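Participant: Structure provided below as structure tokens; questions to follow.
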Amino acid sequence: MVVLPDARDTLAAVVREEGSRLTALLVRVVGDFATAEDIVQDAVVVALERWPREGIPREPGAWLLTVARRRAIDRLRRDARYREKLTLLREPERDSVDDRLQLIFTCCHPSLSRDTQIALTLRTICGLNTAEIAAAFLTSETTVAQRLVRARRKIAQAGIPYRVPPAEELNDRLTEVLAVLYLMFNEGYLTSAGESAERRDLTDEAEWLAGLLSRLMPTEPEVLGLLALIQLHRARAEARFDPQGRLVLLRDQDRSRWDRAAIKSAADLVLLASQVVRPGPYQIQAAIVACHAEAPSWGETDWLQILLLYNALLRFGPSPVARLNRAVAVYHVSGPAAALAEIESLDAALNTYHLYHATRAEFLRALDRTVEARLADTTALALTANPAERALLEQRLI
Amino acid sequence: MKYVLLFCGTKDSQREWEAMPEDVRKQAYGRVERWFQENGSVFRGGHELQGPDTATTVKRNGSGEPLVTDGPFIEGNEVIGGYAEVEVTDLDEAIRLAKTWPGGPVEIRPVVPH
């Protein structure tokens with residue numbers, strides 16, 4: 001039987017949601033990532049084979065658990081605490097703390113490298129297999145497999161705990177988790193041009209994870225901020241490329257192709273987060289993007305508001321890239337001379353960043369310093385490998 | 001779980017330490033002593049080590065013969081100033097402990113259980 005695309009999406013969503021729940025439960029019971037993932041993978045294969053024919057069961061989680069329990073019996077038989085572990089393998093109480101939260105904090109433990117944190121989160125929480133992770137990062141399956149093996153070994157040997165950190169450490173550790181999700185999103189967002197159909201979309205995984213985290217930690221405003229930020233970017237993703245796959249600048253995008261409903265709900269999320277009155281970099285970045293997304297046209301952008309938001313963002317960390325972006329707001333509020341003066345001091349920090357030179361070129365062109373502008377564009381071109389961005393810069397140099 | 005905390009530094013930080021006025025160094029030693037006292041229950045052993053200029057390294061040469069060389073095995077600017085063996089529940093507890101160490105960087109290494 002052919003599964004309709006709609007049904008396939010529902011199927012994938014249910015598998016991801018219930019699969020991650022099951023993995024988390026199994027990791028706690030079995031105490032071993034690899035075994036838990038294998039058991040879940042087996043159960044998911046059975047589900048993907050039978051659900052399209054028989055329909056998705058009314059309680060898909062319980063269904064998967066039954067299959068997983070059968071697999072677990074085979075795998076755990078040699079375990080001394082086999083019976084005890086099996087009795088623990090039952091549906092968790094509805095109001096119990098979601099095991100997935102503990103799992104997320106373990107996958108994003110600061111003693112693992114960033115690449116490892118991302119790969120482990122994709123594998124363990126999102127249920128991607130090694131091949132899918134390798135495709136998403138344009139690397140080989142062997143590399144990903146080795147990375148995962150080393151990560152699981154380190155978790156066991158170094159005694160990385162499986163729990164939500166205590167209150168006094170929560171902020172630092174949550175920052176780490178959010179950084180992982182944001183990087184995952186960026187990776188997917190930047191490589192989305194010319195994407196092949198079989199490639200799992202990292203921006204989709206990142207949004208789902210941020211959504212999951214916001215359900216698990218509903219009072220953490222930065223989690224809501226990151227979710228809103230991701231949703232705001234995705235709501236405009238379609239307009240980022242023209243039919244030939246070329247990058248379209250924000251200024252030139254066809255705003256009728258933006259998903260207004262998604263923008264509205266993400267902007268509401270930013271507002272909701274702000275009511276907690278614990279501002280942070282993700283909330284502010286989301287607010288900046290919301291400003292752009294809610295402007296009816298490029299000309300009606302509220303640049304003063306954006307400038308104020310960048311000032312607030314810089315108080316959380318004086319990143320040179322944030323200062324560069326702030327300079328664009330300065331350009332629109334105070335003109336190109338002021339903006340150029342703002343970025344001159346960034347040369348040392350951003351000399352190898354193509355957008356620094358591309359932005360500088362824009363300011364110079366606005367000041368009629370065309371020779372210098374061309375030189376800056378040429379430098380920018382030499383510094384980027386992204387084909388969509390290259391095409392855009394080449395166009396400017398004609 | 002058992003871990004060894006390796007108290008690390010650089011040759012520069014060691015020179016600074018040596019150049020400190022006596023009373024400042026005493027204060028620093030006081031902080032270290034307090035740290036060991038406050039966390040006494042988890043320590044299973046450990047020592048401060050004499051400087052890297054007192055080190056001798058025994059290697060094997062190409063034909064497998066022992067070769068005695070002067071100086072530490074770790075090359076470059078890094079120095080291990082001492083170590084402590086601790087017994088705590090997990091890595092997070094070891095990290096918490098290391099964060100309060102009143103000195104330089106701390107490398108945390110789990111011990112292979114035998």
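Here's how to read the names in the structure tokens: chain A, B, ... by the order shown, residue numbers from 1 in each chain, ligand numbers from 1 in the order shown.
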Which residues come within 8 Å of stretch 70-74 of chain B, counting only C-alpha atoms, excluding same-chain residues fewer than 5 positions away, as a ChimeraX atom specification?

Facilitator: /B:52-57,79

Participant: Within 7 Å of chain A, which residues of chain B show up when using only C-alpha atoms, listed as number ranges by chain?

Facilitator: B: 90-92, 110

Participant: Which is closest to A:Val270 among A:Ala237, A:Leu224, A:Leu307, A:Leu178, if we use only C-alpha atoms?

Facilitator: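 Checking each candidate against A:Val270, we get A:Leu224 as the closest.
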
Participant: What residues in stretch 15-86 of chain B get the DSSP label strand (DSSP E or B)? Please answer as JSON, numbers by chain.

Facilitator: {"B": [43, 44, 45, 46, 47, 48, 56, 57, 58, 59, 60, 66, 67, 68, 69, 70, 78, 79, 80, 81, 82, 83, 84, 85, 86]}

Participant: Just the number, please: distance in Å from atom CA of A:His332 to atom CA of A:Glu344, one decimal.

Facilitator: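 Those two atoms sit 17.2 Å apart.
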
Participant: So which residues of stretch 110-247 of chain A fall under alpha helix (DSSP H) by DSSP, listed as a ChimeraX atom specification?

Facilitator: /A:114-124,130-136,141-157,167-190,202-216,221-235

Participant: Write the selection just made, keeping C-alpha atoms, as a PDB file, in the first residue's frame?

Facilitator:
ATOM      1  CA  ARG A 114      30.510  20.176  20.392  1.00  0.00           C
ATOM      2  CA  ASP A 115      30.514  17.854  17.347  1.00  0.00           C
ATOM      3  CA  THR A 116      30.005  14.893  19.621  1.00  0.00           C
ATOM      4  CA  GLN A 117      27.196  16.593  21.523  1.00  0.00           C
ATOM      5  CA  ILE A 118      25.374  17.284  18.262  1.00  0.00           C
ATOM      6  CA  ALA A 119      25.882  13.804  16.834  1.00  0.00           C
ATOM      7  CA  LEU A 120      24.826  12.151  20.084  1.00  0.00           C
ATOM      8  CA  THR A 121      21.721  14.326  20.425  1.00  0.00           C
ATOM      9  CA  LEU A 122      20.686  13.579  16.835  1.00  0.00           C
ATOM     10  CA  ARG A 123      21.261   9.876  17.325  1.00  0.00           C
ATOM     11  CA  THR A 124      19.782   9.448  20.781  1.00  0.00           C
ATOM     12  CA  THR A 130      24.525   7.017  11.483  1.00  0.00           C
ATOM     13  CA  ALA A 131      24.025   7.398   7.739  1.00  0.00           C
ATOM     14  CA  GLU A 132      21.556  10.243   8.208  1.00  0.00           C
ATOM     15  CA  ILE A 133      23.871  12.105  10.589  1.00  0.00           C
ATOM     16  CA  ALA A 134      26.789  11.616   8.205  1.00  0.00           C
ATOM     17  CA  ALA A 135      24.730  13.015   5.320  1.00  0.00           C
ATOM     18  CA  ALA A 136      23.654  16.023   7.373  1.00  0.00           C
ATOM     19  CA  GLU A 141      29.464   7.203   8.153  1.00  0.00           C
ATOM     20  CA  THR A 142      32.631   5.732   9.663  1.00  0.00           C
ATOM     21  CA  THR A 143      33.551   9.086  11.172  1.00  0.00           C
ATOM     22  CA  VAL A 144      30.120   9.475  12.750  1.00  0.00           C
ATOM     23  CA  ALA A 145      30.064   5.881  13.977  1.00  0.00           C
ATOM     24  CA  GLN A 146      33.479   6.262  15.602  1.00  0.00           C
ATOM     25  CA  ARG A 147      32.465   9.535  17.190  1.00  0.00           C
ATOM     26  CA  LEU A 148      29.372   7.922  18.700  1.00  0.00           C
ATOM     27  CA  VAL A 149      31.288   4.914  19.977  1.00  0.00           C
ATOM     28  CA  ARG A 150      33.869   7.160  21.629  1.00  0.00           C
ATOM     29  CA  ALA A 151      31.132   9.340  23.117  1.00  0.00           C
ATOM     30  CA  ARG A 152      29.275   6.418  24.687  1.00  0.00           C
ATOM     31  CA  ARG A 153      32.521   5.034  26.016  1.00  0.00           C
ATOM     32  CA  LYS A 154      33.387   8.384  27.556  1.00  0.00           C
ATOM     33  CA  ILE A 155      29.951   8.689  29.190  1.00  0.00           C
ATOM     34  CA  ALA A 156      30.454   5.307  30.836  1.00  0.00           C
ATOM     35  CA  GLN A 157      34.156   5.542  31.682  1.00  0.00           C
ATOM     36  CA  ALA A 167      19.447  24.421  40.250  1.00  0.00           C
ATOM     37  CA  GLU A 168      22.797  26.119  40.864  1.00  0.00           C
ATOM     38  CA  GLU A 169      24.288  24.534  37.733  1.00  0.00           C
ATOM     39  CA  LEU A 170      21.195  24.624  35.576  1.00  0.00           C
ATOM     40  CA  ASN A 171      21.884  27.961  33.905  1.00  0.00           C
ATOM     41  CA  ASP A 172      25.370  27.029  32.703  1.00  0.00           C
ATOM     42  CA  ARG A 173      24.263  23.622  31.553  1.00  0.00           C
ATOM     43  CA  LEU A 174      21.174  24.943  29.807  1.00  0.00           C
ATOM     44  CA  THR A 175      23.366  27.433  27.946  1.00  0.00           C
ATOM     45  CA  GLU A 176      25.344  24.444  26.683  1.00  0.00           C
ATOM     46  CA  VAL A 177      22.195  22.636  25.511  1.00  0.00           C
ATOM     47  CA  LEU A 178      20.893  25.733  23.743  1.00  0.00           C
ATOM     48  CA  ALA A 179      24.250  26.235  22.023  1.00  0.00           C
ATOM     49  CA  VAL A 180      24.049  22.675  20.685  1.00  0.00           C
ATOM     50  CA  LEU A 181      20.537  23.204  19.312  1.00  0.00           C
ATOM     51  CA  TYR A 182      21.423  26.572  17.808  1.00  0.00           C
ATOM     52  CA  LEU A 183      24.507  25.208  16.090  1.00  0.00           C
ATOM     53  CA  MET A 184      22.488  22.270  14.783  1.00  0.00           C
ATOM     54  CA  PHE A 185      19.954  24.701  13.385  1.00  0.00           C
ATOM     55  CA  ASN A 186      22.614  26.917  11.790  1.00  0.00           C
ATOM     56  CA  GLU A 187      24.317  23.938  10.218  1.00  0.00           C
ATOM     57  CA  GLY A 188      21.042  22.966   8.573  1.00  0.00           C
ATOM     58  CA  TYR A 189      20.080  26.516   7.675  1.00  0.00           C
ATOM     59  CA  LEU A 190      23.333  27.421   5.957  1.00  0.00           C
ATOM     60  CA  LEU A 202      18.627  19.566  10.545  1.00  0.00           C
ATOM     61  CA  THR A 203      16.553  22.736  10.936  1.00  0.00           C
ATOM     62  CA  ASP A 204      13.534  20.490  11.386  1.00  0.00           C
ATOM     63  CA  GLU A 205      15.301  18.416  14.047  1.00  0.00           C
ATOM     64  CA  ALA A 206      16.502  21.567  15.820  1.00  0.00           C
ATOM     65  CA  GLU A 207      13.001  23.045  15.866  1.00  0.00           C
ATOM     66  CA  TRP A 208      11.526  19.829  17.172  1.00  0.00           C
ATOM     67  CA  LEU A 209      14.190  19.642  19.904  1.00  0.00           C
ATOM     68  CA  ALA A 210      13.653  23.262  20.913  1.00  0.00           C
ATOM     69  CA  GLY A 211       9.909  22.575  21.013  1.00  0.00           C
ATOM     70  CA  LEU A 212      10.469  19.488  23.135  1.00  0.00           C
ATOM     71  CA  LEU A 213      12.742  21.430  25.487  1.00  0.00           C
ATOM     72  CA  SER A 214      10.159  24.197  25.795  1.00  0.00           C
ATOM     73  CA  ARG A 215       7.548  21.620  26.799  1.00  0.00           C
ATOM     74  CA  LEU A 216       9.942  20.087  29.325  1.00  0.00           C
ATOM     75  CA  PRO A 221      12.570  32.096  28.783  1.00  0.00           C
ATOM     76  CA  GLU A 222      15.763  31.439  26.806  1.00  0.00           C
ATOM     77  CA  VAL A 223      14.356  28.101  25.633  1.00  0.00           C
ATOM     78  CA  LEU A 224      11.270  29.907  24.346  1.00  0.00           C
ATOM     79  CA  GLY A 225      13.543  32.533  22.801  1.00  0.00           C
ATOM     80  CA  LEU A 226      15.534  29.939  20.880  1.00  0.00           C
ATOM     81  CA  LEU A 227      12.369  28.171  19.705  1.00  0.00           C
ATOM     82  CA  ALA A 228      10.952  31.484  18.484  1.00  0.00           C
ATOM     83  CA  LEU A 229      14.238  32.358  16.769  1.00  0.00           C
ATOM     84  CA  ILE A 230      14.260  29.066  14.876  1.00  0.00           C
ATOM     85  CA  GLN A 231      10.589  29.395  13.919  1.00  0.00           C
ATOM     86  CA  LEU A 232      11.069  32.953  12.695  1.00  0.00           C
ATOM     87  CA  HIS A 233      13.920  31.913  10.417  1.00  0.00           C
ATOM     88  CA  ARG A 234      12.041  28.913   9.107  1.00  0.00           C
ATOM     89  CA  ALA A 235       8.893  30.954   8.456  1.00  0.00           C
TER      90      ALA A 235
END

Participant: So the first atom is atom CA of A:Ala47 and the second is atom CA of A:Glu17; what is the distance between them in Å, to one decimal place?

Facilitator: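 A separation of 13.2 Å between them.
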
Participant: Which neighbours of stretch 337-342 of chain A fall inside 12 Å, counting only C-alpha atoms, when residues of the same chain fewer than 4 positions from it are skipped, and could you give them as a PDB file with N, CA and C atoms, in the first residue's frame?

Facilitator:
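Saved as result-v6.pdb:
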ATOM      1  N   LEU A 307      18.222  48.656  16.423  1.00  0.00           N
ATOM      2  CA  LEU A 307      19.475  49.174  16.985  1.00  0.00           C
ATOM      3  C   LEU A 307      19.475  49.033  18.506  1.00  0.00           C
ATOM      4  N   PRO A 320      32.014  40.186  17.980  1.00  0.00           N
ATOM      5  CA  PRO A 320      32.285  41.040  16.812  1.00  0.00           C
ATOM      6  C   PRO A 320      31.204  40.917  15.735  1.00  0.00           C
ATOM      7  N   ALA A 322      27.997  40.300  16.207  1.00  0.00           N
ATOM      8  CA  ALA A 322      26.844  41.077  16.656  1.00  0.00           C
ATOM      9  C   ALA A 322      27.098  42.568  16.432  1.00  0.00           C
ATOM     10  N   ARG A 323      28.352  43.006  16.632  1.00  0.00           N
ATOM     11  CA  ARG A 323      28.672  44.418  16.407  1.00  0.00           C
ATOM     12  C   ARG A 323      28.572  44.766  14.924  1.00  0.00           C
ATOM     13  N   LEU A 324      28.967  43.811  14.080  1.00  0.00           N
ATOM     14  CA  LEU A 324      28.848  44.026  12.635  1.00  0.00           C
ATOM     15  C   LEU A 324      27.378  44.184  12.248  1.00  0.00           C
ATOM     16  N   ASN A 325      26.530  43.304  12.784  1.00  0.00           N
ATOM     17  CA  ASN A 325      25.103  43.381  12.478  1.00  0.00           C
ATOM     18  C   ASN A 325      24.482  44.662  13.029  1.00  0.00           C
ATOM     19  N   ARG A 326      24.975  45.075  14.189  1.00  0.00           N
ATOM     20  CA  ARG A 326      24.482  46.318  14.770  1.00  0.00           C
ATOM     21  C   ARG A 326      24.814  47.496  13.842  1.00  0.00           C
ATOM     22  N   ALA A 327      25.982  47.413  13.202  1.00  0.00           N
ATOM     23  CA  ALA A 327      26.406  48.496  12.310  1.00  0.00           C
ATOM     24  C   ALA A 327      25.434  48.670  11.140  1.00  0.00           C
ATOM     25  N   VAL A 328      24.811  47.575  10.719  1.00  0.00           N
ATOM     26  CA  VAL A 328      23.816  47.672   9.638  1.00  0.00           C
ATOM     27  C   VAL A 328      22.628  48.520  10.107  1.00  0.00           C
ATOM     28  N   ALA A 329      22.231  48.313  11.372  1.00  0.00           N
ATOM     29  CA  ALA A 329      21.158  49.139  11.939  1.00  0.00           C
ATOM     30  C   ALA A 329      21.616  50.594  12.042  1.00  0.00           C
ATOM     31  N   VAL A 330      22.871  50.804  12.433  1.00  0.00           N
ATOM     32  CA  VAL A 330      23.431  52.165  12.520  1.00  0.00           C
ATOM     33  C   VAL A 330      23.359  52.829  11.144  1.00  0.00           C
ATOM     34  N   TYR A 331      23.682  52.060  10.107  1.00  0.00           N
ATOM     35  CA  TYR A 331      23.640  52.557   8.731  1.00  0.00           C
ATOM     36  C   TYR A 331      22.268  53.128   8.403  1.00  0.00           C
ATOM     37  N   HIS A 332      21.214  52.408   8.801  1.00  0.00           N
ATOM     38  CA  HIS A 332      19.861  52.849   8.471  1.00  0.00           C
ATOM     39  C   HIS A 332      19.367  53.964   9.377  1.00  0.00           C
ATOM     40  N   VAL A 333      19.909  54.029  10.582  1.00  0.00           N
ATOM     41  CA  VAL A 333      19.472  55.081  11.510  1.00  0.00           C
ATOM     42  C   VAL A 333      20.302  56.347  11.322  1.00  0.00           C
ATOM     43  N   LEU A 346      36.634  46.576  13.831  1.00  0.00           N
ATOM     44  CA  LEU A 346      36.399  45.135  13.816  1.00  0.00           C
ATOM     45  C   LEU A 346      37.336  44.397  12.868  1.00  0.00           C
ATOM     46  N   ASP A 347      38.132  45.171  12.130  1.00  0.00           N
ATOM     47  CA  ASP A 347      38.951  44.575  11.075  1.00  0.00           C
ATOM     48  C   ASP A 347      39.815  43.414  11.581  1.00  0.00           C
ATOM     49  N   TYR A 356      31.898  40.449   6.759  1.00  0.00           N
ATOM     50  CA  TYR A 356      32.481  41.721   7.203  1.00  0.00           C
ATOM     51  C   TYR A 356      32.852  42.557   5.972  1.00  0.00           C
ATOM     52  N   HIS A 357      33.538  41.912   5.021  1.00  0.00           N
ATOM     53  CA  HIS A 357      33.974  42.637   3.827  1.00  0.00           C
ATOM     54  C   HIS A 357      32.784  43.013   2.934  1.00  0.00           C
ATOM     55  N   THR A 359      29.712  43.626   3.929  1.00  0.00           N
ATOM     56  CA  THR A 359      28.992  44.731   4.584  1.00  0.00           C
ATOM     57  C   THR A 359      29.760  46.035   4.414  1.00  0.00           C
ATOM     58  N   ARG A 360      31.068  45.941   4.580  1.00  0.00           N
ATOM     59  CA  ARG A 360      31.921  47.116   4.425  1.00  0.00           C
ATOM     60  C   ARG A 360      31.788  47.668   3.000  1.00  0.00           C
ATOM     61  N   ALA A 361      31.716  46.740   2.035  1.00  0.00           N
ATOM     62  CA  ALA A 361      31.560  47.142   0.632  1.00  0.00           C
ATOM     63  C   ALA A 361      30.279  47.954   0.443  1.00  0.00           C
ATOM     64  N   GLU A 362      29.213  47.504   1.109  1.00  0.00           N
ATOM     65  CA  GLU A 362      27.930  48.208   1.003  1.00  0.00           C
ATOM     66  C   GLU A 362      28.040  49.636   1.533  1.00  0.00           C
ATOM     67  N   PHE A 363      28.651  49.778   2.685  1.00  0.00           N
ATOM     68  CA  PHE A 363      28.798  51.108   3.286  1.00  0.00           C
ATOM     69  C   PHE A 363      29.634  52.005   2.366  1.00  0.00           C
ATOM     70  N   LEU A 364      30.736  51.441   1.836  1.00  0.00           N
ATOM     71  CA  LEU A 364      31.630  52.217   0.975  1.00  0.00           C
ATOM     72  C   LEU A 364      30.901  52.660  -0.297  1.00  0.00           C
ATOM     73  N   ARG A 365      30.100  51.744  -0.848  1.00  0.00           N
ATOM     74  CA  ARG A 365      29.359  52.074  -2.058  1.00  0.00           C
ATOM     75  C   ARG A 365      28.377  53.219  -1.789  1.00  0.00           C
ATOM     76  N   ALA A 366      27.738  53.178  -0.613  1.00  0.00           N
ATOM     77  CA  ALA A 366      26.788  54.230  -0.259  1.00  0.00           C
ATOM     78  C   ALA A 366      27.495  55.582  -0.117  1.00  0.00           C
ATOM     79  N   LEU A 367      28.803  55.526   0.157  1.00  0.00           N
ATOM     80  CA  LEU A 367      29.587  56.764   0.289  1.00  0.00           C
ATOM     81  C   LEU A 367      30.274  57.131  -1.026  1.00  0.00           C
ATOM     82  N   ASP A 368      29.896  56.416  -2.106  1.00  0.00           N
ATOM     83  CA  ASP A 368      30.484  56.619  -3.434  1.00  0.00           C
ATOM     84  C   ASP A 368      31.979  56.325  -3.491  1.00  0.00           C
ATOM     85  N   ARG A 369      32.475  55.518  -2.577  1.00  0.00           N
ATOM     86  CA  ARG A 369      33.893  55.120  -2.638  1.00  0.00           C
ATOM     87  C   ARG A 369      33.957  53.781  -3.382  1.00  0.00           C
ATOM     88  N   ALA A 373      35.029  49.829  -2.505  1.00  0.00           N
ATOM     89  CA  ALA A 373      33.901  48.914  -2.377  1.00  0.00           C
ATOM     90  C   ALA A 373      34.155  47.642  -3.184  1.00  0.00           C
TER      91      ALA A 373
END

Participant: Can you tell me how far atom CA of A:Asp201 sits from atom CA of A:Arg53, in Å to one decimal?

Facilitator: 26.1 Å

Participant: I want to know what sits within 6 Å of stretch 23-37 of chain A, based on only C-alpha atoms, with residues of the same chain fewer than 3 positions away left out; could you give that as a PDB file with N, CA and C atoms, in the first residue's frame?

Facilitator:
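This is the output file part-v1.pdb:
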ATOM      1  N   SER A  20      11.845   8.771  20.936  1.00  0.00           N
ATOM      2  CA  SER A  20      12.745   9.464  21.864  1.00  0.00           C
ATOM      3  C   SER A  20      12.351   9.179  23.309  1.00  0.00           C
ATOM      4  N   VAL A  40      15.425   0.374  20.391  1.00  0.00           N
ATOM      5  CA  VAL A  40      14.428   1.301  19.850  1.00  0.00           C
ATOM      6  C   VAL A  40      14.422   1.241  18.325  1.00  0.00           C
ATOM      7  N   GLN A  41      15.621   1.225  17.748  1.00  0.00           N
ATOM      8  CA  GLN A  41      15.729   1.160  16.287  1.00  0.00           C
ATOM      9  C   GLN A  41      14.985  -0.066  15.747  1.00  0.00           C
ATOM     10  N   LYS A  85      15.427  -5.327  35.866  1.00  0.00           N
ATOM     11  CA  LYS A  85      15.394  -4.314  34.806  1.00  0.00           C
ATOM     12  C   LYS A  85      14.115  -4.405  33.977  1.00  0.00           C
ATOM     13  N   ASP A  99      11.935  11.482  31.101  1.00  0.00           N
ATOM     14  CA  ASP A  99      13.308  10.987  31.044  1.00  0.00           C
ATOM     15  C   ASP A  99      14.141  11.684  29.977  1.00  0.00           C
ATOM     16  N   ARG A 100      13.451  12.211  28.969  1.00  0.00           N
ATOM     17  CA  ARG A 100      14.201  12.809  27.858  1.00  0.00           C
ATOM     18  C   ARG A 100      14.997  14.027  28.282  1.00  0.00           C
TER      19      ARG A 100
END

Participant: Tell me, as an MDAnalysis selection string, which residues lie within 7 Å of B:Val111, counting only C-alpha atoms; anything in the same chain fewer than 3 positions away does not count.

Facilitator: chainID B and resid 2:4

Participant: So which residues touch A:Leu247 within 10 Å, counting only C-alpha atoms, skipping near sequence neighbours fewer than 4 positions away, as an mmCIF file with C-alpha atoms, in the first residue's frame?

Facilitator:
data_model
loop_
_atom_site.group_PDB
_atom_site.id
_atom_site.type_symbol
_atom_site.label_atom_id
_atom_site.label_comp_id
_atom_site.auth_asym_id
_atom_site.auth_seq_id
_atom_site.Cartn_x
_atom_site.Cartn_y
_atom_site.Cartn_z
ATOM 1 C CA ALA A 193 20.701 25.285 -0.629
ATOM 2 C CA ALA A 239 11.827 33.280 0.186
ATOM 3 C CA ARG A 240 15.573 32.934 0.782
ATOM 4 C CA PHE A 241 16.196 31.372 -2.616
ATOM 5 C CA ASP A 242 14.967 32.206 -6.094
ATOM 6 C CA PRO A 243 13.760 29.454 -8.457
ATOM 7 C CA GLN A 253 12.744 38.878 -0.655
ATOM 8 C CA PRO A 387 27.886 28.664 -3.871
ATOM 9 C CA ALA A 388 24.723 30.672 -3.201
ATOM 10 C CA GLU A 389 26.670 33.399 -1.442
ATOM 11 C CA ARG A 390 29.356 33.392 -4.112
ATOM 12 C CA ALA A 391 26.771 33.874 -6.838
ATOM 13 C CA LEU A 392 25.382 36.881 -5.026
#

Participant: Excluding stretch 97-104 of chain B and any residue of its chain fewer than 4 positions from it, enumerate the residues within 9 Å of it, using only C-alpha atoms, and give them as a CSV table (one decimal) with C-alpha atoms, in the first residue's frame.

Facilitator:
chain,number,residue,atom,x,y,z
B,5,LEU,CA,42.7,15.5,39.8
B,7,PHE,CA,46.7,20.3,39.2
B,8,CYS,CA,48.2,21.9,36.1
B,9,GLY,CA,50.0,25.1,35.4
B,10,THR,CA,52.5,26.6,33.0
B,13,SER,CA,52.8,30.5,36.3
B,28,ALA,CA,47.9,31.2,48.6
B,31,ARG,CA,43.7,28.8,50.5
B,32,VAL,CA,44.9,25.5,49.2
B,35,TRP,CA,40.4,23.7,50.2
B,39,ASN,CA,36.7,18.7,51.0
B,92,ASP,CA,29.7,16.3,37.9
B,93,GLU,CA,30.7,16.1,41.5
B,108,ILE,CA,40.0,15.3,35.8
